file input.txt (compact mmCIF, C-alpha atoms and all ligand atoms)
# COMPACT_ATOMS: atom_id res chain seq x y z
CA MET L 17 97.54 106.97 120.40
CA PRO L 18 97.97 107.78 116.72
CA ASP L 19 95.13 109.41 114.79
CA ILE L 20 95.58 108.28 111.22
CA PRO L 21 92.63 109.04 108.95
CA PHE L 22 92.01 106.87 105.92
CA PHE L 23 92.13 109.99 103.79
CA ASN L 24 92.84 113.59 104.77
CA TYR L 25 90.55 115.89 102.74
CA PRO L 26 91.63 119.30 104.10
CA ALA L 27 95.27 118.36 103.42
CA ILE L 28 94.74 118.52 99.63
CA TYR L 29 94.16 122.26 99.99
CA LYS L 30 96.51 123.01 102.89
CA ARG L 31 99.51 121.55 101.12
CA TYR L 32 99.49 124.27 98.45
CA GLU L 33 97.16 126.81 100.02
CA ALA L 34 98.88 129.95 98.71
CA GLU L 35 99.13 128.57 95.15
CA PHE L 36 95.48 127.50 95.09
CA ASP L 37 94.34 130.86 96.47
CA ALA L 38 96.29 132.66 93.74
CA ILE L 39 94.76 130.44 91.05
CA PHE L 40 91.26 131.09 92.39
CA LYS L 41 91.81 134.84 92.31
CA ASP L 42 93.31 134.77 88.84
CA VAL L 43 90.63 132.63 87.20
CA CYS L 44 87.68 134.27 88.91
CA SER L 45 88.87 137.82 88.27
CA ARG L 46 89.07 136.93 84.60
CA GLY L 47 85.50 135.56 84.81
CA ALA L 48 86.79 132.45 83.03
CA TYR L 49 84.43 129.70 84.14
CA ILE L 50 83.43 127.43 81.25
CA LEU L 51 85.56 126.06 78.36
CA GLN L 52 88.31 128.65 78.76
CA ARG L 53 92.06 128.64 78.23
CA ASP L 54 92.91 127.06 81.61
CA LEU L 55 90.97 123.98 80.53
CA GLU L 56 92.70 123.91 77.15
CA GLU L 57 96.10 124.22 78.82
CA PHE L 58 95.32 121.47 81.30
CA GLU L 59 94.14 119.21 78.48
CA THR L 60 97.36 119.81 76.57
CA ASP L 61 99.47 119.09 79.66
CA LEU L 62 97.48 115.97 80.51
CA ALA L 63 97.74 114.61 76.96
CA GLY L 64 101.50 115.23 77.12
CA PHE L 65 101.84 113.53 80.49
CA LEU L 66 99.92 110.47 79.31
CA ASP L 67 101.40 110.49 75.80
CA VAL L 68 97.97 110.35 74.18
CA LYS L 69 96.62 112.40 71.28
CA HIS L 70 93.50 113.79 72.97
CA ALA L 71 92.58 114.36 76.60
CA LEU L 72 89.30 116.17 77.22
CA GLY L 73 88.11 117.49 80.56
CA VAL L 74 84.62 116.26 81.45
CA ALA L 75 82.27 116.47 84.41
CA ASP L 76 83.46 113.32 86.20
CA GLY L 77 84.70 109.79 85.65
CA THR L 78 81.23 108.33 85.29
CA ASN L 79 80.22 110.79 82.57
CA ALA L 80 83.53 110.13 80.85
CA MET L 81 82.54 106.47 80.41
CA PHE L 82 78.98 107.32 79.46
CA ILE L 83 79.99 109.63 76.61
CA GLY L 84 82.80 107.27 75.59
CA LEU L 85 80.29 104.45 75.17
CA LYS L 86 77.85 106.77 73.38
CA ALA L 87 80.59 107.87 70.99
CA HIS L 88 80.97 104.21 70.00
CA ASP L 89 77.22 103.60 69.61
CA ILE L 90 77.16 101.02 72.37
CA GLY L 91 73.48 100.52 73.22
CA PRO L 92 70.55 98.13 73.55
CA GLY L 93 71.37 94.54 72.64
CA ASP L 94 75.10 95.00 73.25
CA GLU L 95 77.10 93.36 76.02
CA VAL L 96 80.19 94.91 77.58
CA ILE L 97 82.50 92.81 79.77
CA VAL L 98 83.56 94.60 82.97
CA ALA L 99 85.12 93.50 86.25
CA SER L 100 82.82 93.02 89.23
CA HIS L 101 85.67 94.25 91.44
CA THR L 102 85.02 97.85 90.38
CA TYR L 103 82.96 100.84 91.35
CA ILE L 104 79.26 100.63 90.51
CA ALA L 105 79.89 103.50 88.04
CA THR L 106 81.61 101.18 85.54
CA ALA L 107 78.58 98.92 85.25
CA ALA L 108 76.18 101.86 85.56
CA ALA L 109 77.70 103.60 82.53
CA VAL L 110 77.09 100.46 80.47
CA HIS L 111 73.55 100.16 81.82
CA LEU L 112 72.78 103.83 81.21
CA VAL L 113 73.51 103.61 77.48
CA GLY L 114 71.07 100.69 77.34
CA ALA L 115 73.65 97.90 77.07
CA THR L 116 74.25 95.00 79.46
CA PRO L 117 77.29 94.75 81.76
CA VAL L 118 78.69 91.21 81.95
CA PHE L 119 81.02 90.49 84.88
CA ALA L 120 84.44 88.89 84.73
CA ASP L 121 86.37 87.50 87.69
CA ILE L 122 89.72 88.75 88.99
CA GLY L 123 93.11 87.08 88.64
CA GLU L 124 96.10 86.71 90.95
CA ASP L 125 96.72 90.46 91.10
CA TYR L 126 93.04 91.24 91.91
CA MET L 127 92.61 92.85 88.47
CA MET L 128 90.22 91.71 85.73
CA SER L 129 91.36 88.33 84.41
CA ALA L 130 91.47 88.16 80.62
CA ALA L 131 91.29 84.35 80.83
CA ASP L 132 88.05 84.53 82.79
CA ALA L 133 86.69 87.31 80.55
CA ALA L 134 87.23 84.99 77.56
CA LYS L 135 84.59 82.64 78.98
CA ARG L 136 82.03 85.47 79.03
CA VAL L 137 82.19 86.36 75.33
CA THR L 138 78.91 85.84 73.43
CA PRO L 139 77.77 86.91 69.94
CA LYS L 140 76.39 90.07 71.61
CA THR L 141 79.70 91.12 73.18
CA LYS L 142 80.83 94.42 71.65
CA ALA L 143 83.50 95.58 74.04
CA ILE L 144 85.64 94.83 77.05
CA MET L 145 86.20 97.59 79.61
CA PRO L 146 88.72 96.62 82.30
CA THR L 147 89.12 98.80 85.38
CA GLN L 148 92.68 100.04 85.98
CA LEU L 149 92.17 99.63 89.68
CA ASN L 150 94.02 100.95 92.72
CA GLY L 151 96.63 102.64 90.52
CA ARG L 152 97.55 99.50 88.59
CA CYS L 153 97.17 98.84 84.88
CA CYS L 154 95.87 95.42 83.79
CA ASN L 155 98.05 93.22 81.60
CA MET L 156 96.87 94.93 78.41
CA ASP L 157 98.60 92.39 76.13
CA ASP L 158 96.19 89.74 77.43
CA ILE L 159 93.16 92.04 77.18
CA GLN L 160 94.09 93.14 73.63
CA ALA L 161 94.69 89.54 72.52
CA LEU L 162 91.22 88.58 73.72
CA ALA L 163 89.71 91.61 71.99
CA ASP L 164 91.53 90.79 68.74
CA ALA L 165 90.37 87.16 68.85
CA HIS L 166 86.71 88.19 69.09
CA ASP L 167 86.73 91.55 67.34
CA LEU L 168 85.88 93.50 70.50
CA LEU L 169 86.51 97.16 71.24
CA VAL L 170 88.73 97.90 74.25
CA PHE L 171 87.72 100.70 76.61
CA GLU L 172 89.35 101.50 79.95
CA ASP L 173 87.89 102.69 83.23
CA SER L 174 91.14 104.24 84.40
CA ALA L 175 89.49 106.51 87.01
CA GLN L 176 92.07 105.19 89.52
CA GLY L 177 94.96 104.84 87.10
CA LEU L 178 96.57 108.24 86.44
CA GLY L 179 100.21 107.54 85.61
CA ALA L 180 100.00 103.75 86.07
CA ARG L 181 101.87 101.98 83.29
CA PHE L 182 102.08 98.62 81.59
CA LYS L 183 105.25 98.12 79.53
CA GLY L 184 105.83 101.86 79.77
CA GLN L 185 102.43 102.86 78.37
CA CYS L 186 99.98 104.79 80.55
CA ALA L 187 96.65 103.39 81.69
CA GLY L 188 93.83 105.09 79.83
CA THR L 189 95.71 105.22 76.50
CA PHE L 190 95.40 101.59 75.34
CA GLY L 191 91.72 101.47 74.47
CA ARG L 192 89.50 103.32 71.99
CA PHE L 193 88.88 105.55 74.97
CA GLY L 194 90.08 105.70 78.57
CA THR L 195 88.82 107.78 81.47
CA LEU L 196 90.02 109.56 84.60
CA SER L 197 88.31 110.81 87.73
CA PHE L 198 89.47 113.84 89.69
CA TYR L 199 87.16 113.15 92.64
CA PRO L 200 88.95 114.63 95.70
CA ALA L 201 90.20 111.30 97.10
CA LYS L 202 91.52 110.10 93.75
CA LEU L 203 95.22 110.20 92.84
CA MET L 204 94.93 113.78 91.58
CA GLY L 205 91.77 115.15 93.14
CA CYS L 206 90.20 118.54 92.52
CA PHE L 207 87.88 120.46 94.85
CA GLY L 208 84.69 118.73 93.77
CA ASP L 209 83.85 116.50 90.82
CA GLY L 210 85.94 116.31 87.69
CA GLY L 211 87.07 113.83 85.05
CA ALA L 212 88.71 113.34 81.68
CA VAL L 213 88.31 111.12 78.67
CA MET L 214 91.27 110.20 76.44
CA THR L 215 91.58 108.82 72.93
CA ASN L 216 94.17 108.48 70.19
CA ASP L 217 91.48 108.61 67.49
CA ASP L 218 90.68 112.02 65.96
CA GLU L 219 87.14 111.04 64.95
CA VAL L 220 86.33 109.69 68.40
CA ALA L 221 87.72 112.90 69.92
CA GLU L 222 85.35 115.00 67.77
CA LYS L 223 82.38 112.91 68.89
CA LEU L 224 83.41 113.16 72.54
CA LYS L 225 83.66 116.96 72.24
CA LEU L 226 80.14 117.10 70.85
CA TRP L 227 78.84 114.77 73.55
CA ARG L 228 80.29 116.85 76.39
CA ASP L 229 78.84 120.15 75.18
CA HIS L 230 75.26 119.68 73.99
CA GLY L 231 76.23 118.47 70.53
CA ARG L 232 77.60 121.91 69.65
CA ASN L 233 80.51 122.29 67.25
CA ASP L 234 83.24 124.94 67.46
CA ASN L 235 80.84 127.50 65.90
CA GLY L 236 78.23 126.81 68.57
CA GLU L 237 75.88 125.06 66.12
CA VAL L 238 74.04 121.97 67.31
CA VAL L 239 75.05 119.14 64.97
CA ALA L 240 74.31 116.07 67.14
CA TRP L 241 72.66 115.02 70.37
CA GLY L 242 74.79 115.71 73.38
CA THR L 243 74.71 116.47 77.07
CA ASN L 244 76.46 118.75 79.52
CA SER L 245 79.59 117.06 80.77
CA ARG L 246 82.20 119.80 80.98
CA LEU L 247 85.08 120.11 83.42
CA ASP L 248 84.87 123.52 85.16
CA ASN L 249 87.61 125.85 83.99
CA LEU L 250 88.45 126.68 87.63
CA GLN L 251 88.92 123.00 88.51
CA ALA L 252 91.04 122.60 85.37
CA ALA L 253 93.29 125.45 86.57
CA PHE L 254 93.78 123.74 89.95
CA LEU L 255 94.43 120.42 88.21
CA LYS L 256 96.97 121.95 85.84
CA PHE L 257 98.91 123.03 88.91
CA ARG L 258 98.56 119.61 90.56
CA LEU L 259 99.74 117.81 87.45
CA GLY L 260 102.92 119.89 87.59
CA THR L 261 103.83 118.32 90.95
CA TYR L 262 102.26 114.91 90.36
CA GLU L 263 105.49 112.94 89.85
CA GLU L 264 106.37 113.71 93.50
CA ASP L 265 103.07 112.24 94.62
CA VAL L 266 103.64 109.07 92.63
CA ALA L 267 107.12 108.64 94.08
CA ARG L 268 105.81 109.04 97.63
CA ARG L 269 102.91 106.63 97.10
CA ARG L 270 105.30 104.03 95.72
CA GLN L 271 107.58 104.55 98.71
CA ILE L 272 104.71 103.95 101.16
CA ALA L 273 103.66 100.86 99.20
CA GLY L 274 107.26 99.61 99.42
CA MET L 275 107.15 99.93 103.22
CA TYR L 276 103.89 97.97 103.41
CA GLU L 277 105.23 95.40 100.94
CA ALA L 278 108.43 94.81 102.93
CA ALA L 279 106.43 94.29 106.12
CA PHE L 280 103.59 92.13 104.78
CA ARG L 281 105.04 89.99 101.97
CA GLY L 282 105.31 86.40 103.11
CA HIS L 283 102.99 86.82 106.13
CA ASP L 284 100.73 83.77 106.31
CA LYS L 285 97.52 85.74 107.08
CA LEU L 286 98.05 88.60 104.63
CA TYR L 287 97.80 88.74 100.85
CA PRO L 288 99.28 92.10 99.85
CA PRO L 289 98.86 93.57 96.34
CA GLN L 290 101.78 93.48 93.91
CA GLY L 291 104.75 95.50 95.16
CA PRO L 292 106.32 98.51 93.45
CA SER L 293 108.87 96.46 91.50
CA ASP L 294 106.61 94.18 89.51
CA GLY L 295 108.00 93.44 86.08
CA ASP L 296 106.09 95.15 83.29
CA HIS L 297 103.89 97.06 85.72
CA PHE L 298 104.47 100.52 87.16
CA ASP L 299 101.86 100.91 89.91
CA VAL L 300 100.98 104.28 91.41
CA TYR L 301 98.89 103.07 94.38
CA GLN L 302 95.66 105.01 94.30
CA ASN L 303 94.92 102.60 97.15
CA TYR L 304 96.78 99.95 99.06
CA GLU L 305 94.21 97.19 98.91
CA MET L 306 95.15 93.83 100.38
CA ALA L 307 93.35 90.70 101.48
CA ALA L 308 93.62 89.61 105.10
CA GLU L 309 92.35 86.65 107.11
CA ASP L 310 90.23 87.70 110.08
CA ARG L 311 89.64 90.97 108.25
CA ASP L 312 86.77 92.35 110.32
CA ARG L 313 88.56 91.87 113.64
CA LEU L 314 91.75 93.30 112.18
CA ARG L 315 89.81 96.35 111.05
CA ALA L 316 88.24 96.82 114.48
CA ALA L 317 91.62 96.42 116.19
CA LEU L 318 93.13 99.08 113.92
CA ALA L 319 90.22 101.44 114.62
CA ASP L 320 90.77 100.97 118.37
CA GLN L 321 94.31 102.20 117.79
CA GLY L 322 93.18 105.29 115.85
CA ILE L 323 93.91 103.85 112.40
CA ARG L 324 91.09 104.20 109.89
CA THR L 325 90.70 101.74 107.05
CA ILE L 326 88.07 101.23 104.36
CA ILE L 327 86.58 98.22 102.64
CA GLN L 328 86.35 99.34 99.04
CA TRP L 329 82.88 99.95 97.54
CA GLY L 330 81.34 99.51 100.99
CA GLY L 331 82.37 95.85 100.80
CA THR L 332 80.10 95.06 97.86
CA PRO L 333 81.31 94.01 94.41
CA VAL L 334 78.84 94.86 91.66
CA HIS L 335 77.49 91.31 91.36
CA TRP L 336 76.30 91.36 95.01
CA PHE L 337 73.88 94.30 94.61
CA ASP L 338 70.51 92.57 95.04
CA LYS L 339 68.49 95.78 94.52
CA LEU L 340 69.96 95.89 91.01
CA GLY L 341 68.81 92.36 90.26
CA TYR L 342 72.08 90.61 91.14
CA GLY L 343 72.96 89.15 94.56
CA ARG L 344 75.55 86.94 96.19
CA ASP L 345 73.21 83.94 96.13
CA LYS L 346 72.17 84.57 92.50
CA VAL L 347 75.48 85.32 90.78
CA THR L 348 77.79 82.52 91.89
CA ASP L 349 80.32 82.26 89.08
CA LEU L 350 82.85 84.83 90.35
CA PRO L 351 84.59 82.79 93.08
CA LYS L 352 87.83 84.78 93.22
CA THR L 353 85.98 88.07 93.57
CA ASP L 354 83.84 86.48 96.33
CA TRP L 355 86.97 85.22 98.12
CA PHE L 356 88.55 88.64 97.84
CA PHE L 357 85.56 90.59 99.15
CA ASP L 358 85.42 88.45 102.29
CA ARG L 359 88.99 89.57 103.03
CA CYS L 360 89.77 92.87 101.32
CA LEU L 361 90.86 95.95 103.24
CA MET L 362 92.42 99.24 102.23
CA LEU L 363 95.10 100.73 104.48
CA PRO L 364 95.78 104.49 104.65
CA MET L 365 97.58 105.63 101.48
CA HIS L 366 97.78 109.37 100.89
CA MET L 367 100.15 112.29 100.70
CA ALA L 368 99.62 113.48 104.29
CA LEU L 369 101.02 110.24 105.80
CA THR L 370 104.40 110.45 107.51
CA ASP L 371 106.81 107.52 107.74
CA ASP L 372 105.89 107.31 111.43
CA ASP L 373 102.23 106.95 110.46
CA VAL L 374 103.04 104.16 108.01
CA ASN L 375 105.15 102.36 110.61
CA ALA L 376 102.34 102.71 113.16
CA VAL L 377 99.94 101.08 110.68
CA ILE L 378 102.42 98.28 110.01
CA ASP L 379 103.01 97.64 113.74
CA ALA L 380 99.28 97.56 114.43
CA VAL L 381 98.58 95.12 111.58
CA LEU L 382 101.40 92.76 112.52
CA GLY L 383 100.54 93.14 116.22
CA HIS L 384 97.01 91.91 115.57
CA TYR L 385 98.23 88.49 114.43
CA LYS L 386 100.84 88.00 117.18
C1 LIG M 1 85.83 107.00 91.18
C2 LIG M 1 85.60 105.95 90.19
C3 LIG M 1 84.69 106.10 89.14
C4 LIG M 1 83.76 107.26 89.03
O1 LIG M 1 84.37 108.48 88.97
P1 LIG M 1 83.54 109.79 89.36
O2 LIG M 1 84.44 110.90 88.98
O3 LIG M 1 83.28 109.73 90.83
O4 LIG M 1 82.27 109.76 88.57
C5 LIG M 1 84.58 105.09 88.22
N1 LIG M 1 85.32 103.99 88.30
C6 LIG M 1 86.21 103.79 89.29
C7 LIG M 1 87.02 102.55 89.31
C8 LIG M 1 86.37 104.76 90.28
O5 LIG M 1 87.22 104.54 91.27
call {"tool": "encode", "arguments": {"input": "input.txt", "output": "structure tokens"}}
result
Amino acid sequence: MPDIPFFNYPAIYKRYEAEFDAIFKDVCSRGAYILQRDLEEFETDLAGFLDVKHALGVADGTNAMFIGLKAHDIGPGDEVIVASHTYIATAAAVHLVGATPVFADIGEDYMMSAADAAKRVTPKTKAIMPTQLNGRCCNMDDIQALADAHDLLVFEDSAQGLGARFKGQCAGTFGRFGTLSFYPAKLMGCFGDGGAVMTNDDEVAEKLKLWRDHGRNDNGEVVAWGTNSRLDNLQAAFLKFRLGTYEEDVARRRQIAGMYEAAFRGHDKLYPPQGPSDGDHFDVYQNYEMAAEDRDRLRAALADQGIRTIIQWGGTPVHWFDKLGYGRDKVTDLPKTDWFFDRCLMLPMHMALTDDDVNAVIDAVLGHYK
């Protein structure tokens, strides 16, 4: 029987064990822990990779959004449109600056629908913050057109979008700010928490720098309120190395997605995500998230065969969290997200998968419906 984990955590380290050990020794013997040259070098490399003016290492993807919103004075009385098909962190960042998250439904590709978001605009709406989910970038022409029509700021939760492109431009570089997460299971994970915030605006970059380091300027003087949201220099050194080999990872993820796509497209019980050759989109497959009829029994059947799957966000879109004042019975105007969450399932998608593993997953899925 195969034993195919949903994600293989030790494999992140094992794959480049000698290189990571050497980096650890080098950084630690220099005593270079906070805001040191490894971080600066990683930021330069990341900005180059994304083709954005500024990329700043921060504590994690949630903090990246929090300080991004703060740097734009989003606060009490403001509304920010977000997807409900996202991690709680997207809505939480809006809530934590005192503003109100307003949920938009998904479209055909399971990403935030700009057409639906248009119906949610009120005089209080200040910004729209789509999630660049599962390694796919939203149609940013549609999002930008909506923002232009209503004078809204565009921000991006691109925690899952490193290297995803729309019309050749990278996720996280369209908005006034975009974010990344380096949580271990993300596209380019580090060995703990980590994140980045990107912007093409020099003034915004200065504010973000102050926000991440206690409001201190380059001379160490406190000139504004801030917090502590720094990316550890050691993690930055590991990430600089990972970024150097990242194109390989993207190619492999797209190859696996192509295998799933070829097997599942056209199946009458399966609704796969967009495949790797999808027009203006270049998807990097942080996850392979599909919808499937009879999802729960499919999932159990896969588990019986040693294949681990996950229902994203524990199976709960943000508008179903009743302890936060929402709830499936209370918020009933997101029908496509509801439909999706009754069927969604993520198949294994990571760098430790062999072709045999992927074929075993495919056989098990198709076998379930025979
Ligand atoms: C992981 C994730 C975050 C949060 O990132 P952290 O680094 O864990 O704080 C936010 N949004 C999305 C869509 C994510 O997947």
call {"tool": "residues_around", "arguments": {"input": "input.txt", "residues": "stretch 230-233 of chain L", "least_positions_apart": "3", "cutoff": "12 Å", "atoms": "all atoms listed in the file", "output": "JSON, numbers by chain"}}
result
{"L": [83, 87, 222, 223, 224, 225, 226, 227, 236, 237, 238, 239, 240, 241, 242, 243, 244, 245, 246]}
call {"tool": "atom_distance", "arguments": {"input": "input.txt", "atom1": "atom CA of L:Asp121", "atom2": "atom CA of L:Gly194"}}
result
20.7 Å
call {"tool": "atom_distance", "arguments": {"input": "input.txt", "atom1": "atom CA of L:Gly188", "atom2": "atom CA of L:Asp173"}}
result
7.3 Å
call {"tool": "closest_residue", "arguments": {"input": "input.txt", "among": "L:His297, L:Arg281, L:His384, L:Lys339", "to": "L:Glu309", "atoms": "only C-alpha atoms"}}
result
L:His384
call {"tool": "closest_residue", "arguments": {"input": "input.txt", "among": "L:Phe298, L:Phe193, L:Phe182, L:Phe357", "to": "L:Val170", "atoms": "only C-alpha atoms"}}
result
L:Phe193
call {"tool": "closest_residue", "arguments": {"input": "input.txt", "among": "L:Tyr103, L:Phe171, L:Trp355, L:Trp329", "to": "ligand LIG 1 (chain M)", "atoms": "all atoms listed in the file"}}
result
L:Tyr103
call {"tool": "residues_near_ligand", "arguments": {"input": "input.txt", "ligand": "ligand LIG 1 (chain M)", "cutoff": "8 Å", "atoms": "only C-alpha atoms and all ligand atoms", "output": "NGL selection string"}}
result
:L and (75-80 or 102-106 or 147-150 or 173-176 or 196-199 or 202 or 209-211)
call {"tool": "closest_residue", "arguments": {"input": "input.txt", "among": "L:Glu305, L:Asp265, L:Asp54, L:Asp217", "to": "L:Pro288", "atoms": "all atoms listed in the file"}}
result
L:Glu305
call {"tool": "atom_distance", "arguments": {"input": "input.txt", "atom1": "atom CA of L:His335", "atom2": "atom CA of L:Pro289"}}
result
22.1 Å
call {"tool": "closest_atom_pairs", "arguments": {"input": "input.txt", "of": "stretch 177-262 of chain L", "to": "stretch 62-69 of chain L", "cutoff": "7 Å", "atoms": "all atoms listed in the file", "output": "tab-separated table"}}
result
residue	atom	partner	partner_atom	distance
L:Gly179	CA	L:Leu66	CA	7.0
L:Cys186	CA	L:Leu66	CA	5.8
L:Thr189	CA	L:Val68	CA	6.1
L:Thr215	CA	L:Lys69	CA	6.4
L:Asn216	CA	L:Lys69	CA	4.7
call {"tool": "axis_aligned_box", "arguments": {"input": "input.txt", "around": "stretch 244-261 of chain L", "padding_each_side": "5 Å", "output": "lines of an AutoDock Vina configuration file"}}
result
center_x = 90.1
center_y = 121.9
center_z = 85.2
size_x = 37.4
size_y = 19.6
size_z = 21.4
